[in-house]
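File shown here: upload-v2.pdb, holding PDB, C-alpha atoms and all ligand atoms.
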ATOM      1  CA  MET A  99       0.000   0.000   0.000
ATOM      2  CA  MET A 100       2.848   2.408   0.777
ATOM      3  CA  LYS A 101       5.448   1.205  -1.740
ATOM      4  CA  GLY A 102       6.981   4.158  -3.575
ATOM      5  CA  LYS A 103       5.563   6.675  -1.096
ATOM      6  CA  VAL A 104       7.661   9.075   0.924
ATOM      7  CA  ALA A 105       6.526   9.693   4.508
ATOM      8  CA  VAL A 106       8.005  12.494   6.618
ATOM      9  CA  VAL A 107       7.630  11.992  10.382
ATOM     10  CA  THR A 108       8.544  14.766  12.836
ATOM     11  CA  GLY A 109       9.246  13.871  16.454
ATOM     12  CA  ALA A 110      10.319  10.545  14.962
ATOM     13  CA  ALA A 111      12.557   9.676  17.925
ATOM     14  CA  GLY A 112       9.597   9.933  20.309
ATOM     15  CA  VAL A 113       7.602   7.109  21.856
ATOM     16  CA  ILE A 114       4.624   7.327  19.505
ATOM     17  CA  CYS A 115       6.207   8.442  16.255
ATOM     18  CA  SER A 116       9.201   6.101  16.369
ATOM     19  CA  GLU A 117       6.618   3.297  16.220
ATOM     20  CA  VAL A 118       4.605   5.112  13.519
ATOM     21  CA  ALA A 119       7.826   5.525  11.498
ATOM     22  CA  ARG A 120       8.678   1.818  11.876
ATOM     23  CA  ASP A 121       5.132   0.875  10.847
ATOM     24  CA  LEU A 122       5.199   3.097   7.742
ATOM     25  CA  ALA A 123       8.588   1.668   6.766
ATOM     26  CA  ALA A 124       7.300  -1.889   7.291
ATOM     27  CA  GLY A 125       4.449  -0.996   4.928
ATOM     28  CA  GLY A 126       6.986  -0.116   2.214
ATOM     29  CA  ALA A 127       7.249   3.678   2.497
ATOM     30  CA  THR A 128      10.555   5.516   2.478
ATOM     31  CA  VAL A 129      10.481   7.239   5.839
ATOM     32  CA  VAL A 130      12.159  10.556   6.571
ATOM     33  CA  LEU A 131      12.810  10.814  10.305
ATOM     34  CA  VAL A 132      12.923  14.373  11.623
ATOM     35  CA  ASP A 133      13.808  15.257  15.216
ATOM     36  CA  LEU A 134      15.659  17.829  17.290
ATOM     37  CA  VAL A 135      18.639  15.567  17.961
ATOM     38  CA  LEU A 136      19.991  13.673  14.933
ATOM     39  CA  GLU A 137      21.478  10.831  17.026
ATOM     40  CA  ASN A 138      18.036  10.060  18.509
ATOM     41  CA  ALA A 139      16.493   9.803  15.050
ATOM     42  CA  GLU A 140      19.460   7.674  13.912
ATOM     43  CA  LYS A 141      18.693   5.085  16.609
ATOM     44  CA  VAL A 142      15.173   4.659  15.202
ATOM     45  CA  ALA A 143      16.589   4.586  11.670
ATOM     46  CA  GLN A 144      18.897   1.740  12.645
ATOM     47  CA  SER A 145      15.928  -0.341  13.853
ATOM     48  CA  ILE A 146      14.164   0.352  10.537
ATOM     49  CA  ARG A 147      17.196  -0.583   8.436
ATOM     50  CA  GLU A 148      17.733  -3.792  10.431
ATOM     51  CA  LYS A 149      14.296  -4.880   9.190
ATOM     52  CA  GLY A 150      15.097  -3.939   5.589
ATOM     53  CA  GLY A 151      13.240  -0.612   5.575
ATOM     54  CA  ASN A 152      14.263   2.578   3.756
ATOM     55  CA  CYS A 153      14.797   5.758   5.733
ATOM     56  CA  ALA A 154      16.816   8.944   6.160
ATOM     57  CA  CYS A 155      17.291  11.296   9.111
ATOM     58  CA  TYR A 156      17.226  15.095   9.395
ATOM     59  CA  ALA A 157      17.782  17.268  12.464
ATOM     60  CA  CYS A 158      15.336  20.141  12.610
ATOM     61  CA  ASP A 159      13.646  22.340  15.193
ATOM     62  CA  VAL A 160      10.044  22.405  13.968
ATOM     63  CA  THR A 161       9.397  25.723  15.743
ATOM     64  CA  ASN A 162      11.952  27.440  13.509
ATOM     65  CA  LYS A 163      10.283  28.280  10.171
ATOM     66  CA  ALA A 164      13.530  28.886   8.269
ATOM     67  CA  MET A 165      14.920  25.553   9.456
ATOM     68  CA  VAL A 166      11.703  23.723   8.536
ATOM     69  CA  ASP A 167      11.604  25.252   5.045
ATOM     70  CA  ALA A 168      15.278  24.374   4.451
ATOM     71  CA  MET A 169      14.713  20.805   5.720
ATOM     72  CA  ALA A 170      11.652  20.373   3.447
ATOM     73  CA  GLU A 171      13.649  21.588   0.456
ATOM     74  CA  LYS A 172      16.445  19.097   1.223
ATOM     75  CA  VAL A 173      13.943  16.257   1.669
ATOM     76  CA  ILE A 174      12.327  16.973  -1.705
ATOM     77  CA  GLU A 175      15.741  17.294  -3.362
ATOM     78  CA  ALA A 176      16.828  13.924  -1.966
ATOM     79  CA  HIS A 177      13.572  11.937  -2.187
ATOM     80  CA  GLY A 178      11.637  13.726  -4.930
ATOM     81  CA  ARG A 179       8.305  13.989  -3.142
ATOM     82  CA  CYS A 180       6.357  13.868   0.119
ATOM     83  CA  ASP A 181       3.145  11.831   0.188
ATOM     84  CA  ILE A 182       2.594  11.636   3.928
ATOM     85  CA  LEU A 183       3.480  14.077   6.693
ATOM     86  CA  VAL A 184       3.061  12.948  10.307
ATOM     87  CA  ASN A 185       3.450  15.954  12.614
ATOM     88  CA  GLY A 186       4.524  14.078  15.737
ATOM     89  CA  ALA A 187       6.827  16.671  17.351
ATOM     90  CA  GLY A 188       5.090  18.116  20.390
ATOM     91  CA  GLY A 189       4.959  17.830  24.132
ATOM     92  CA  ASN A 190       4.602  19.466  27.509
ATOM     93  CA  SER A 191       6.979  20.829  30.160
ATOM     94  CA  ALA A 192       6.713  20.969  33.948
ATOM     95  CA  LYS A 193       8.169  24.506  33.767
ATOM     96  CA  ALA A 194       4.967  25.639  32.018
ATOM     97  CA  GLN A 195       2.705  24.146  34.679
ATOM     98  CA  PRO A 196       1.629  25.382  38.096
ATOM     99  CA  LYS A 197       1.937  22.833  40.914
ATOM    100  CA  ILE A 198      -1.452  23.678  42.411
ATOM    101  CA  VAL A 199      -4.861  23.115  40.821
ATOM    102  CA  GLU A 200      -6.666  26.264  41.950
ATOM    103  CA  PHE A 201      -5.779  29.845  42.831
ATOM    104  CA  ASP A 202      -4.047  30.365  46.186
ATOM    105  CA  PRO A 203      -3.577  34.002  47.337
ATOM    106  CA  ARG A 204      -0.025  33.107  48.451
ATOM    107  CA  GLU A 205       1.031  32.766  44.804
ATOM    108  CA  LEU A 206       0.867  36.571  44.576
ATOM    109  CA  GLU A 207       3.067  37.129  47.655
ATOM    110  CA  GLU A 208       6.742  37.969  47.261
ATOM    111  CA  GLU A 209       7.756  35.517  50.007
ATOM    112  CA  ARG A 210       5.664  32.496  49.000
ATOM    113  CA  PRO A 211       6.178  28.944  50.323
ATOM    114  CA  GLU A 212       8.233  26.731  48.007
ATOM    115  CA  ASP A 213       5.368  24.335  47.297
ATOM    116  CA  ILE A 214       3.048  27.124  46.190
ATOM    117  CA  VAL A 215       3.676  27.460  42.469
ATOM    118  CA  GLY A 216       0.579  28.984  40.954
ATOM    119  CA  ILE A 217      -0.191  30.209  37.478
ATOM    120  CA  TYR A 218       1.370  33.609  38.401
ATOM    121  CA  ASN A 219       4.662  31.875  39.235
ATOM    122  CA  VAL A 220       5.017  29.823  36.063
ATOM    123  CA  ASP A 221       7.886  30.500  33.662
ATOM    124  CA  MET A 222       6.055  32.356  30.888
ATOM    125  CA  ASP A 223       8.837  31.715  28.354
ATOM    126  CA  ALA A 224       8.293  27.982  28.912
ATOM    127  CA  PHE A 225       4.530  28.562  28.610
ATOM    128  CA  GLU A 226       4.976  30.318  25.252
ATOM    129  CA  GLY A 227       7.426  27.630  24.153
ATOM    130  CA  ILE A 228       4.860  24.868  24.729
ATOM    131  CA  VAL A 229       2.184  26.786  22.850
ATOM    132  CA  LYS A 230       4.603  27.373  19.987
ATOM    133  CA  LEU A 231       5.904  23.793  19.839
ATOM    134  CA  ASN A 232       2.420  22.257  19.676
ATOM    135  CA  THR A 233       0.908  24.825  17.292
ATOM    136  CA  MET A 234       3.514  26.468  15.029
ATOM    137  CA  GLY A 235       5.658  23.325  15.291
ATOM    138  CA  THR A 236       2.875  21.628  13.323
ATOM    139  CA  VAL A 237       1.824  24.562  11.144
ATOM    140  CA  TYR A 238       5.347  25.228   9.743
ATOM    141  CA  PRO A 239       5.933  21.632   8.501
ATOM    142  CA  LEU A 240       2.329  21.463   7.253
ATOM    143  CA  LEU A 241       2.804  24.568   5.101
ATOM    144  CA  ALA A 242       6.296  23.593   3.966
ATOM    145  CA  PHE A 243       5.273  20.122   2.727
ATOM    146  CA  ALA A 244       1.761  21.046   1.489
ATOM    147  CA  LYS A 245       3.533  23.270  -1.065
ATOM    148  CA  TYR A 246       5.061  20.160  -2.667
ATOM    149  CA  MET A 247       1.889  18.067  -2.192
ATOM    150  CA  ILE A 248      -0.045  20.698  -4.190
ATOM    151  CA  LYS A 249       2.404  20.254  -7.102
ATOM    152  CA  GLN A 250       2.116  16.445  -6.822
ATOM    153  CA  GLY A 251      -1.697  16.619  -6.826
ATOM    154  CA  GLY A 252      -2.258  15.426  -3.271
ATOM    155  CA  GLY A 253      -1.029  14.019  -0.002
ATOM    156  CA  ASN A 254      -1.941  13.189   3.554
ATOM    157  CA  ILE A 255      -1.138  15.068   6.740
ATOM    158  CA  ILE A 256      -1.646  13.788  10.289
ATOM    159  CA  ASN A 257      -1.464  16.149  13.283
ATOM    160  CA  PHE A 258      -1.434  15.270  16.981
ATOM    161  CA  ALA A 259      -4.109  16.559  19.335
ATOM    162  CA  SER A 260      -4.737  15.223  22.867
ATOM    163  CA  MET A 261      -7.420  14.510  25.470
ATOM    164  CA  ASN A 262      -6.691  18.133  26.497
ATOM    165  CA  THR A 263      -8.169  19.202  23.158
ATOM    166  CA  TYR A 264     -11.657  18.415  24.447
ATOM    167  CA  CYS A 265     -11.361  19.448  28.107
ATOM    168  CA  PRO A 266      -8.179  20.687  29.805
ATOM    169  CA  LEU A 267      -6.571  18.498  32.423
ATOM    170  CA  THR A 268      -5.697  20.423  35.596
ATOM    171  CA  ARG A 269      -2.396  22.420  35.463
ATOM    172  CA  ASN A 270      -2.047  21.928  31.692
ATOM    173  CA  PHE A 271      -2.872  25.491  30.563
ATOM    174  CA  ALA A 272      -0.307  25.926  27.791
ATOM    175  CA  TYR A 273      -0.443  22.373  26.447
ATOM    176  CA  ALA A 274      -4.266  22.250  26.555
ATOM    177  CA  MET A 275      -4.778  25.556  24.738
ATOM    178  CA  ALA A 276      -2.271  24.496  22.109
ATOM    179  CA  LYS A 277      -3.846  21.063  21.588
ATOM    180  CA  ALA A 278      -7.341  22.628  21.350
ATOM    181  CA  GLY A 279      -5.778  24.779  18.636
ATOM    182  CA  VAL A 280      -4.536  21.689  16.793
ATOM    183  CA  ALA A 281      -8.091  20.324  16.307
ATOM    184  CA  ASN A 282      -9.227  23.758  15.184
ATOM    185  CA  PHE A 283      -6.479  24.454  12.653
ATOM    186  CA  THR A 284      -6.675  20.862  11.393
ATOM    187  CA  GLN A 285     -10.219  21.740  10.268
ATOM    188  CA  ALA A 286      -9.198  25.119   8.866
ATOM    189  CA  PHE A 287      -6.265  23.766   6.811
ATOM    190  CA  ALA A 288      -8.291  20.706   5.718
ATOM    191  CA  ALA A 289     -10.928  22.979   4.207
ATOM    192  CA  TYR A 290      -8.329  25.294   2.667
ATOM    193  CA  PHE A 291      -6.392  22.515   0.906
ATOM    194  CA  ALA A 292      -9.279  20.083   0.204
ATOM    195  CA  LYS A 293      -9.446  20.799  -3.536
ATOM    196  CA  CYS A 294      -5.664  20.277  -3.799
ATOM    197  CA  GLY A 295      -6.223  16.606  -2.921
ATOM    198  CA  ILE A 296      -4.575  17.011   0.472
ATOM    199  CA  ARG A 297      -6.400  15.403   3.366
ATOM    200  CA  ILE A 298      -5.508  16.709   6.818
ATOM    201  CA  ASN A 299      -6.638  14.922   9.971
ATOM    202  CA  ALA A 300      -5.551  14.693  13.594
ATOM    203  CA  ILE A 301      -5.270  11.920  16.153
ATOM    204  CA  ALA A 302      -5.986  12.570  19.828
ATOM    205  CA  PRO A 303      -4.134   9.864  21.755
ATOM    206  CA  GLY A 304      -5.287   8.904  25.208
ATOM    207  CA  PHE A 305      -2.541   8.282  27.740
ATOM    208  CA  ILE A 306       0.511   6.599  26.277
ATOM    209  CA  LEU A 307       3.508   6.540  28.569
ATOM    210  CA  ASN A 308       6.697   8.291  27.487
ATOM    211  CA  PRO A 309       9.677   9.009  29.782
ATOM    212  CA  ARG A 310       8.240  12.415  30.738
ATOM    213  CA  SER A 311       4.638  11.322  31.405
ATOM    214  CA  GLN A 312       5.878   8.228  33.241
ATOM    215  CA  LEU A 313       7.377  10.511  35.898
ATOM    216  CA  ILE A 314       3.971  12.134  36.380
ATOM    217  CA  LEU A 315       1.722   9.072  36.056
ATOM    218  CA  GLY A 316       3.881   6.130  37.149
ATOM    219  CA  THR A 317       3.275   2.692  35.601
ATOM    220  CA  VAL A 318       0.664  -0.025  36.148
ATOM    221  CA  GLU A 319       3.456  -2.551  36.811
ATOM    222  CA  GLU A 320       5.577  -0.478  39.223
ATOM    223  CA  GLY A 321       2.893   1.634  40.843
ATOM    224  CA  LEU A 322       0.807   4.592  39.759
ATOM    225  CA  THR A 323       0.925   8.115  41.131
ATOM    226  CA  LYS A 324      -2.393   9.618  42.268
ATOM    227  CA  ARG A 325      -2.699  11.302  38.859
ATOM    228  CA  GLY A 326      -1.889   8.023  37.099
ATOM    229  CA  LYS A 327      -4.554   6.211  39.128
ATOM    230  CA  ASP A 328      -7.081   8.961  38.283
ATOM    231  CA  VAL A 329      -6.304   8.448  34.590
ATOM    232  CA  ILE A 330      -6.678   4.665  34.746
ATOM    233  CA  ASP A 331      -9.887   4.935  36.824
ATOM    234  CA  HIS A 332     -11.225   7.333  34.187
ATOM    235  CA  THR A 333     -10.330   5.032  31.277
ATOM    236  CA  PRO A 334     -13.054   2.393  30.774
ATOM    237  CA  MET A 335     -10.516  -0.020  29.261
ATOM    238  CA  GLY A 336      -8.485   0.328  32.484
ATOM    239  CA  LYS A 337      -5.043   0.694  30.900
ATOM    240  CA  PHE A 338      -2.641   3.089  29.200
ATOM    241  CA  GLY A 339      -2.470   2.903  25.426
ATOM    242  CA  SER A 340       0.573   1.856  23.410
ATOM    243  CA  ALA A 341       2.231   3.535  20.451
ATOM    244  CA  ASN A 342       1.047   0.602  18.387
ATOM    245  CA  ASP A 343      -2.572   1.616  19.108
ATOM    246  CA  ILE A 344      -1.868   4.836  17.191
ATOM    247  CA  CYS A 345      -0.307   3.104  14.161
ATOM    248  CA  GLY A 346      -3.606   1.530  13.032
ATOM    249  CA  CYS A 347      -5.323   4.909  13.093
ATOM    250  CA  VAL A 348      -2.500   6.487  11.062
ATOM    251  CA  ARG A 349      -2.740   3.623   8.545
ATOM    252  CA  TRP A 350      -6.497   4.189   8.166
ATOM    253  CA  LEU A 351      -6.302   7.965   7.837
ATOM    254  CA  ILE A 352      -3.605   7.893   5.150
ATOM    255  CA  ASP A 353      -5.389   5.199   3.123
ATOM    256  CA  ASP A 354      -6.983   7.076   0.213
ATOM    257  CA  GLU A 355      -9.478   4.261  -0.357
ATOM    258  CA  ALA A 356     -10.528   3.505   3.206
ATOM    259  CA  ALA A 357     -10.517   7.157   4.342
ATOM    260  CA  GLY A 358     -10.689   8.960   0.986
ATOM    261  CA  PHE A 359     -13.705  11.090   2.004
ATOM    262  CA  VAL A 360     -12.336  11.893   5.476
ATOM    263  CA  THR A 361     -10.690  15.233   6.168
ATOM    264  CA  GLY A 362     -10.537  17.748   9.015
ATOM    265  CA  ILE A 363     -11.421  15.311  11.789
ATOM    266  CA  THR A 364      -9.704  14.549  15.075
ATOM    267  CA  VAL A 365      -9.886  10.879  16.034
ATOM    268  CA  PRO A 366      -9.630   9.977  19.726
ATOM    269  CA  VAL A 367      -7.648   6.773  20.348
ATOM    270  CA  ASP A 368      -8.173   6.704  24.077
ATOM    271  CA  GLY A 369      -9.530   3.463  25.541
ATOM    272  CA  GLY A 370     -12.833   5.279  26.052
ATOM    273  CA  PHE A 371     -11.448   8.155  28.197
ATOM    274  CA  LEU A 372     -13.800  10.644  26.546
ATOM    275  CA  THR A 373     -16.888   8.538  27.218
ATOM    276  CA  LEU A 374     -16.811   9.307  30.954
ATOM    277  CA  SER A 375     -17.718  12.662  32.461
ATOM    278  CA  GLY A 376     -15.778  11.982  35.664
ATOM    279  CA  VAL A 377     -18.920  11.938  37.833
TER     280      VAL A 377
HETATM  281  N1  LIG A 401       2.162  10.155  24.885
HETATM  282  C1  LIG A 401       0.928  10.549  25.102
HETATM  283  O1  LIG A 401       0.229  10.064  26.012
HETATM  284  C2  LIG A 401       0.307  11.614  24.242
HETATM  285  C3  LIG A 401      -1.038  11.919  24.465
HETATM  286  C4  LIG A 401      -1.646  12.890  23.677
HETATM  287  C5  LIG A 401      -0.929  13.537  22.713
HETATM  288  N2  LIG A 401       0.367  13.240  22.498
HETATM  289  C6  LIG A 401       1.071  13.954  21.440
HETATM  290  O2  LIG A 401       1.547  13.032  20.498
HETATM  291  C7  LIG A 401       2.775  13.511  19.938
HETATM  292  C8  LIG A 401       3.894  12.485  20.187
HETATM  293  O3  LIG A 401       3.963  12.244  21.593
HETATM  294  P1  LIG A 401       5.049  11.284  22.271
HETATM  295  O4  LIG A 401       4.458  10.788  23.537
HETATM  296  O5  LIG A 401       5.590  10.328  21.287
HETATM  297  O6  LIG A 401       6.145  12.372  22.657
HETATM  298  P2  LIG A 401       7.723  12.188  22.894
HETATM  299  O7  LIG A 401       8.049  10.768  23.194
HETATM  300  O8  LIG A 401       8.113  13.240  23.860
HETATM  301  O9  LIG A 401       8.294  12.531  21.440
HETATM  302  C9  LIG A 401       8.303  13.819  20.922
HETATM  303  C10 LIG A 401       9.550  13.956  20.068
HETATM  304  O10 LIG A 401       9.539  15.269  19.488
HETATM  305  C11 LIG A 401      10.829  15.835  19.683
HETATM  306  N3  LIG A 401      10.758  17.298  19.704
HETATM  307  C12 LIG A 401      10.461  18.105  20.740
HETATM  308  N4  LIG A 401      10.562  19.389  20.372
HETATM  309  C13 LIG A 401      10.919  19.397  19.085
HETATM  310  C14 LIG A 401      11.208  20.420  18.147
HETATM  311  N5  LIG A 401      11.115  21.713  18.494
HETATM  312  N6  LIG A 401      11.557  20.074  16.887
HETATM  313  C15 LIG A 401      11.661  18.776  16.532
HETATM  314  N7  LIG A 401      11.409  17.754  17.370
HETATM  315  C16 LIG A 401      11.050  18.064  18.637
HETATM  316  C17 LIG A 401      11.275  15.288  21.018
HETATM  317  O11 LIG A 401      12.675  15.455  21.173
HETATM  318  P3  LIG A 401      13.293  15.616  22.683
HETATM  319  O12 LIG A 401      12.897  14.367  23.416
HETATM  320  O13 LIG A 401      14.752  15.747  22.417
HETATM  321  O14 LIG A 401      12.660  16.843  23.253
HETATM  322  C18 LIG A 401      10.828  13.835  20.901
HETATM  323  O15 LIG A 401      11.776  13.052  20.220
HETATM  324  C19 LIG A 401       3.032  14.861  20.617
HETATM  325  O16 LIG A 401       2.466  15.896  19.851
HETATM  326  C20 LIG A 401       2.259  14.742  21.918
HETATM  327  O17 LIG A 401       1.910  16.003  22.445
HETATM  328  C21 LIG A 401       1.008  12.289  23.255
END

Can you give me the file's structure in the form of structure tokens?
Ligand SMILES: NC(=O)c1ccc[n+]([C@@H]2O[C@H](COP(=O)([O-])OP(=O)(O)OC[C@H]3O[C@@H](n4cnc5c(N)ncnc54)[C@H](OP(=O)(O)O)[C@@H]3O)[C@@H](O)[C@H]2O)c1
Amino acid sequence: MMKGKVAVVTGAAGVICSEVARDLAAGGATVVLVDLVLENAEKVAQSIREKGGNCACYACDVTNKAMVDAMAEKVIEAHGRCDILVNGAGGNSAKAQPKIVEFDPRELEEERPEDIVGIYNVDMDAFEGIVKLNTMGTVYPLLAFAKYMIKQGGGNIINFASMNTYCPLTRNFAYAMAKAGVANFTQAFAAYFAKCGIRINAIAPGFILNPRSQLILGTVEEGLTKRGKDVIDHTPMGKFGSANDICGCVRWLIDDEAAGFVTGITVPVDGGFLTLSGV
């Protein structure tokens, strides 16, 4: 199904998109792995090559438009085309989050206790960085590669939303507003490029452990934090998802027969998390 296609995956060294990249390569696509640190992408590339897959790696900061445009140009020069773009680079940072879940007057005091880190005490550069990474870090690659997809007569783009897209988790201000934006601009760009044959959709993963979220949620095997237990209790299937759970959804969305009339949607892959109101 993917033989002869070129798939660009950003955040390709990450937990979800390393697996997506391996799956696309196993399906026959040439996969272009893009990440901040080249060595991290190279490790994923090695696992692809060991299984006989085709791939190449590029270091790029997706929040830097000039870098993204230059990377896209190099990719097209080297591989001739881009059929699939998976915008996997994204994430959250503790620096952008308060440590408390509701306003405490002490957060406005000059001499506040150490454990009182409210929204007024958050590092606003980190806050802006998270908004930029999850919004412009998807928009820049989308625009850069759509330019070539228009010339080719079509393509597929997958963005990453989150459970925060629908309702913000506590303390997640920057990440949640950015991921709500992802669902919104996925619709806007899908409509804008529909007649160019480019379908643009998003996936909203439920909770899939990566090294960062593991610190916050714990693991089922080694013990959950309170937040981790809340997540599992709120997930009807009673477990975290795996990166592999996302691969099937990517495969469906980029299949021009199975999903040829589908564009602008955000698909939750969440073990039923969104079916419960929490009450
Ligand atoms: N895991 C989940 O439960 C979950 C749930 C909902 C949504 N999502 C979303 O799904 C996507 C993939 O998540 P994941 O769990 O696989 O995340 P991950 O393991 O943290 O992978 C993200 C990758 O993107 C890279 N990256 C970060 N900033 C970048 C930049 N400016 N330019 C290029 N690459 C950059 C990271 O590099 P460094 O590690 O070097 O920073 C990392 O390799 C993200 O958009 C995430 O927000 C994940």

(request) Place a sphere of radius 10 Å on (4.8, 14.9, 15.9) in the file coordinates and name every protein, DNA or RNA residue with an atom inside or on its surface, counting only C-alpha atoms; give the answer as a ChimeraX atom specification. (result) /A:107-112,114-116,132-133,160,183-189,231-232,235-236,256-259

Written as an mmCIF file with C-alpha atoms, in the coordinates of the input, what is the full residue list that the PyMOL selection byres (((chain A and resi 162-166) around 10) and not hetatm) yields on the file shown?
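What landed in result_38.cif:
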data_model
loop_
_atom_site.group_PDB
_atom_site.id
_atom_site.type_symbol
_atom_site.label_atom_id
_atom_site.label_comp_id
_atom_site.auth_asym_id
_atom_site.auth_seq_id
_atom_site.Cartn_x
_atom_site.Cartn_y
_atom_site.Cartn_z
ATOM 1 C CA VAL A 132 12.923 14.373 11.623
ATOM 2 C CA ALA A 157 17.782 17.268 12.464
ATOM 3 C CA CYS A 158 15.336 20.141 12.610
ATOM 4 C CA ASP A 159 13.646 22.340 15.193
ATOM 5 C CA VAL A 160 10.044 22.405 13.968
ATOM 6 C CA THR A 161 9.397 25.723 15.743
ATOM 7 C CA ASP A 167 11.604 25.252 5.045
ATOM 8 C CA ALA A 168 15.278 24.374 4.451
ATOM 9 C CA MET A 169 14.713 20.805 5.720
ATOM 10 C CA ALA A 170 11.652 20.373 3.447
ATOM 11 C CA GLU A 171 13.649 21.588 0.456
ATOM 12 C CA LYS A 172 16.445 19.097 1.223
ATOM 13 C CA LYS A 230 4.603 27.373 19.987
ATOM 14 C CA LEU A 231 5.904 23.793 19.839
ATOM 15 C CA MET A 234 3.514 26.468 15.029
ATOM 16 C CA GLY A 235 5.658 23.325 15.291
ATOM 17 C CA VAL A 237 1.824 24.562 11.144
ATOM 18 C CA TYR A 238 5.347 25.228 9.743
ATOM 19 C CA PRO A 239 5.933 21.632 8.501
ATOM 20 C CA LEU A 240 2.329 21.463 7.253
ATOM 21 C CA LEU A 241 2.804 24.568 5.101
ATOM 22 C CA ALA A 242 6.296 23.593 3.966
ATOM 23 C CA PHE A 243 5.273 20.122 2.727
#

Centre and edges of the ligand LIG 401 (chain A) box, axis-aligned, 6 Å extra per side, as AutoDock Vina command-line options:
--center_x 6.6 --center_y 15.9 --center_z 21.3 --size_x 28.4 --size_y 23.6 --size_z 21.5

(message) Calculated over all atoms listed in the file, which of the candidates A:Asn138, A:Gln144, A:Ser340, A:Thr361 has the smallest distance to A:Lys293?
(response)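 Under the stated criterion, the closest residue is A:Thr361.
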
(request) Between atom O8 of ligand LIG 401 (chain A) and atom CA of A:Tyr156, measure the distance and give it in Å to one decimal. (result)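 According to the coordinates, atom O8 of ligand LIG 401 (chain A) and atom CA of A:Tyr156 are separated by 17.2 Å.
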
(request) Could you state which residues are captured by the PyMOL selection byres (((chain A and resi 365) around 9) and not hetatm) in this file, as an MDAnalysis selection string? (result) chainID A and resid 259 299:303 347 363:364 366:367

Please write the residues from the selection above to a file, keeping C-alpha atoms, as a compact mmCIF listing (two decimals), in the frame of the given file.
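Heads up, here's the output in result_18.txt:
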# COMPACT_ATOMS: atom_id res chain seq x y z
CA ALA A 259 -4.11 16.56 19.34
CA ASN A 299 -6.64 14.92 9.97
CA ALA A 300 -5.55 14.69 13.59
CA ILE A 301 -5.27 11.92 16.15
CA ALA A 302 -5.99 12.57 19.83
CA PRO A 303 -4.13 9.86 21.76
CA CYS A 347 -5.32 4.91 13.09
CA ILE A 363 -11.42 15.31 11.79
CA THR A 364 -9.70 14.55 15.08
CA PRO A 366 -9.63 9.98 19.73
CA VAL A 367 -7.65 6.77 20.35

List the spatial neighbours of stretch 198-210 of chain A as a CSV table (one decimal) with C-alpha atoms, keeping the file's coordinate frame - criterion: any atom at most 9 Å away, all atoms listed in the file, same-chain residues fewer than 5 positions off excluded.
chain,number,residue,atom,x,y,z
A,215,VAL,CA,3.7,27.5,42.5
A,216,GLY,CA,0.6,29.0,41.0
A,217,ILE,CA,-0.2,30.2,37.5
A,218,TYR,CA,1.4,33.6,38.4
A,219,ASN,CA,4.7,31.9,39.2
A,268,THR,CA,-5.7,20.4,35.6
A,269,ARG,CA,-2.4,22.4,35.5

(request) Kindly indicate which residue among A:Ala286, A:Cys180, A:Ala274, A:Ile174 lies nearest to ligand LIG 401 (chain A), using all atoms listed in the file for the distances. (result)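 Closest to ligand LIG 401 (chain A), using all atoms listed in the file: A:Ala274.
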
(request) Rank A:Met222, A:Ala139, A:Leu134, A:Val129 by their smallest atom-to-atom distance to A:Gly151, using only C-alpha atoms, and report the top residue only. (result)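 Closest residue, counting only C-alpha atoms: A:Val129.
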
(message) For a quick check of understanding, using only C-alpha atoms and all ligand atoms, which of A:Thr233, A:Ser191, A:Thr333, A:Asn308 has the smallest distance to ligand LIG 401 (chain A)?
(response)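 Checking each candidate against ligand LIG 401 (chain A), we get A:Asn308 as the closest.
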
(request) Return the single residue from A:Ala124, A:Asn190, A:Ala357, A:Asp181 that is closest to A:Arg310, with distances computed using only C-alpha atoms. (result)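 Closest residue, counting only C-alpha atoms: A:Asn190.
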
Within 12 Å of A:Ala192, counting all atoms listed in the file, which residues qualify if same-chain residues fewer than 6 places away don't, as a short mmCIF file (atom, residue, chain, number, x, y, z; two decimals) with C-alpha atoms, keeping the file's coordinate frame?
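File part-v3.cif, as written:
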data_model
loop_
_atom_site.label_atom_id
_atom_site.label_comp_id
_atom_site.auth_asym_id
_atom_site.auth_seq_id
_atom_site.Cartn_x
_atom_site.Cartn_y
_atom_site.Cartn_z
CA VAL A 215 3.68 27.46 42.47
CA VAL A 220 5.02 29.82 36.06
CA ASP A 221 7.89 30.50 33.66
CA MET A 222 6.06 32.36 30.89
CA ALA A 224 8.29 27.98 28.91
CA PHE A 225 4.53 28.56 28.61
CA GLY A 227 7.43 27.63 24.15
CA ILE A 228 4.86 24.87 24.73
CA ARG A 269 -2.40 22.42 35.46
CA ASN A 270 -2.05 21.93 31.69
CA PHE A 271 -2.87 25.49 30.56
CA ALA A 272 -0.31 25.93 27.79
CA TYR A 273 -0.44 22.37 26.45
CA ARG A 310 8.24 12.42 30.74
CA SER A 311 4.64 11.32 31.40
CA LEU A 313 7.38 10.51 35.90
CA ILE A 314 3.97 12.13 36.38
#

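When the PyMOL selection byres (((chain A and resi 291) around 12) and not hetatm) is evaluated on the file shown here, the picked residues come out as Leu240, Leu241, Ala244, Lys245, Met247, Ile248, Gly251, Gly252, Gly253, Asn254, Ile255, Phe283, Thr284, Gln285, Ala286, Phe287, Ala288, Ala289, Tyr290, Ala292, Lys293, Cys294, Gly295, Ile296, Arg297, Ile298, Asn299, Thr361 and Gly362 of chain A.
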
(request) Enter the distance from atom CA of A:Ile352 to atom CA of A:Glu137, in Å, rounded to one decimal. (result)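 Calculated distance between atom CA of A:Ile352 and atom CA of A:Glu137 is 27.9 Å.
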
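The two atoms in question, atom CA of A:Ala194 and atom CA of A:Gly326, are spaced 19.6 Å apart.
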
(request) For each of A:Lys249, A:Pro211, A:Gly304, A:Ala123, take the minimum atom-to-atom distance to A:Gly369, counting only C-alpha atoms, then give the residue where this is smallest. (result) A:Gly304
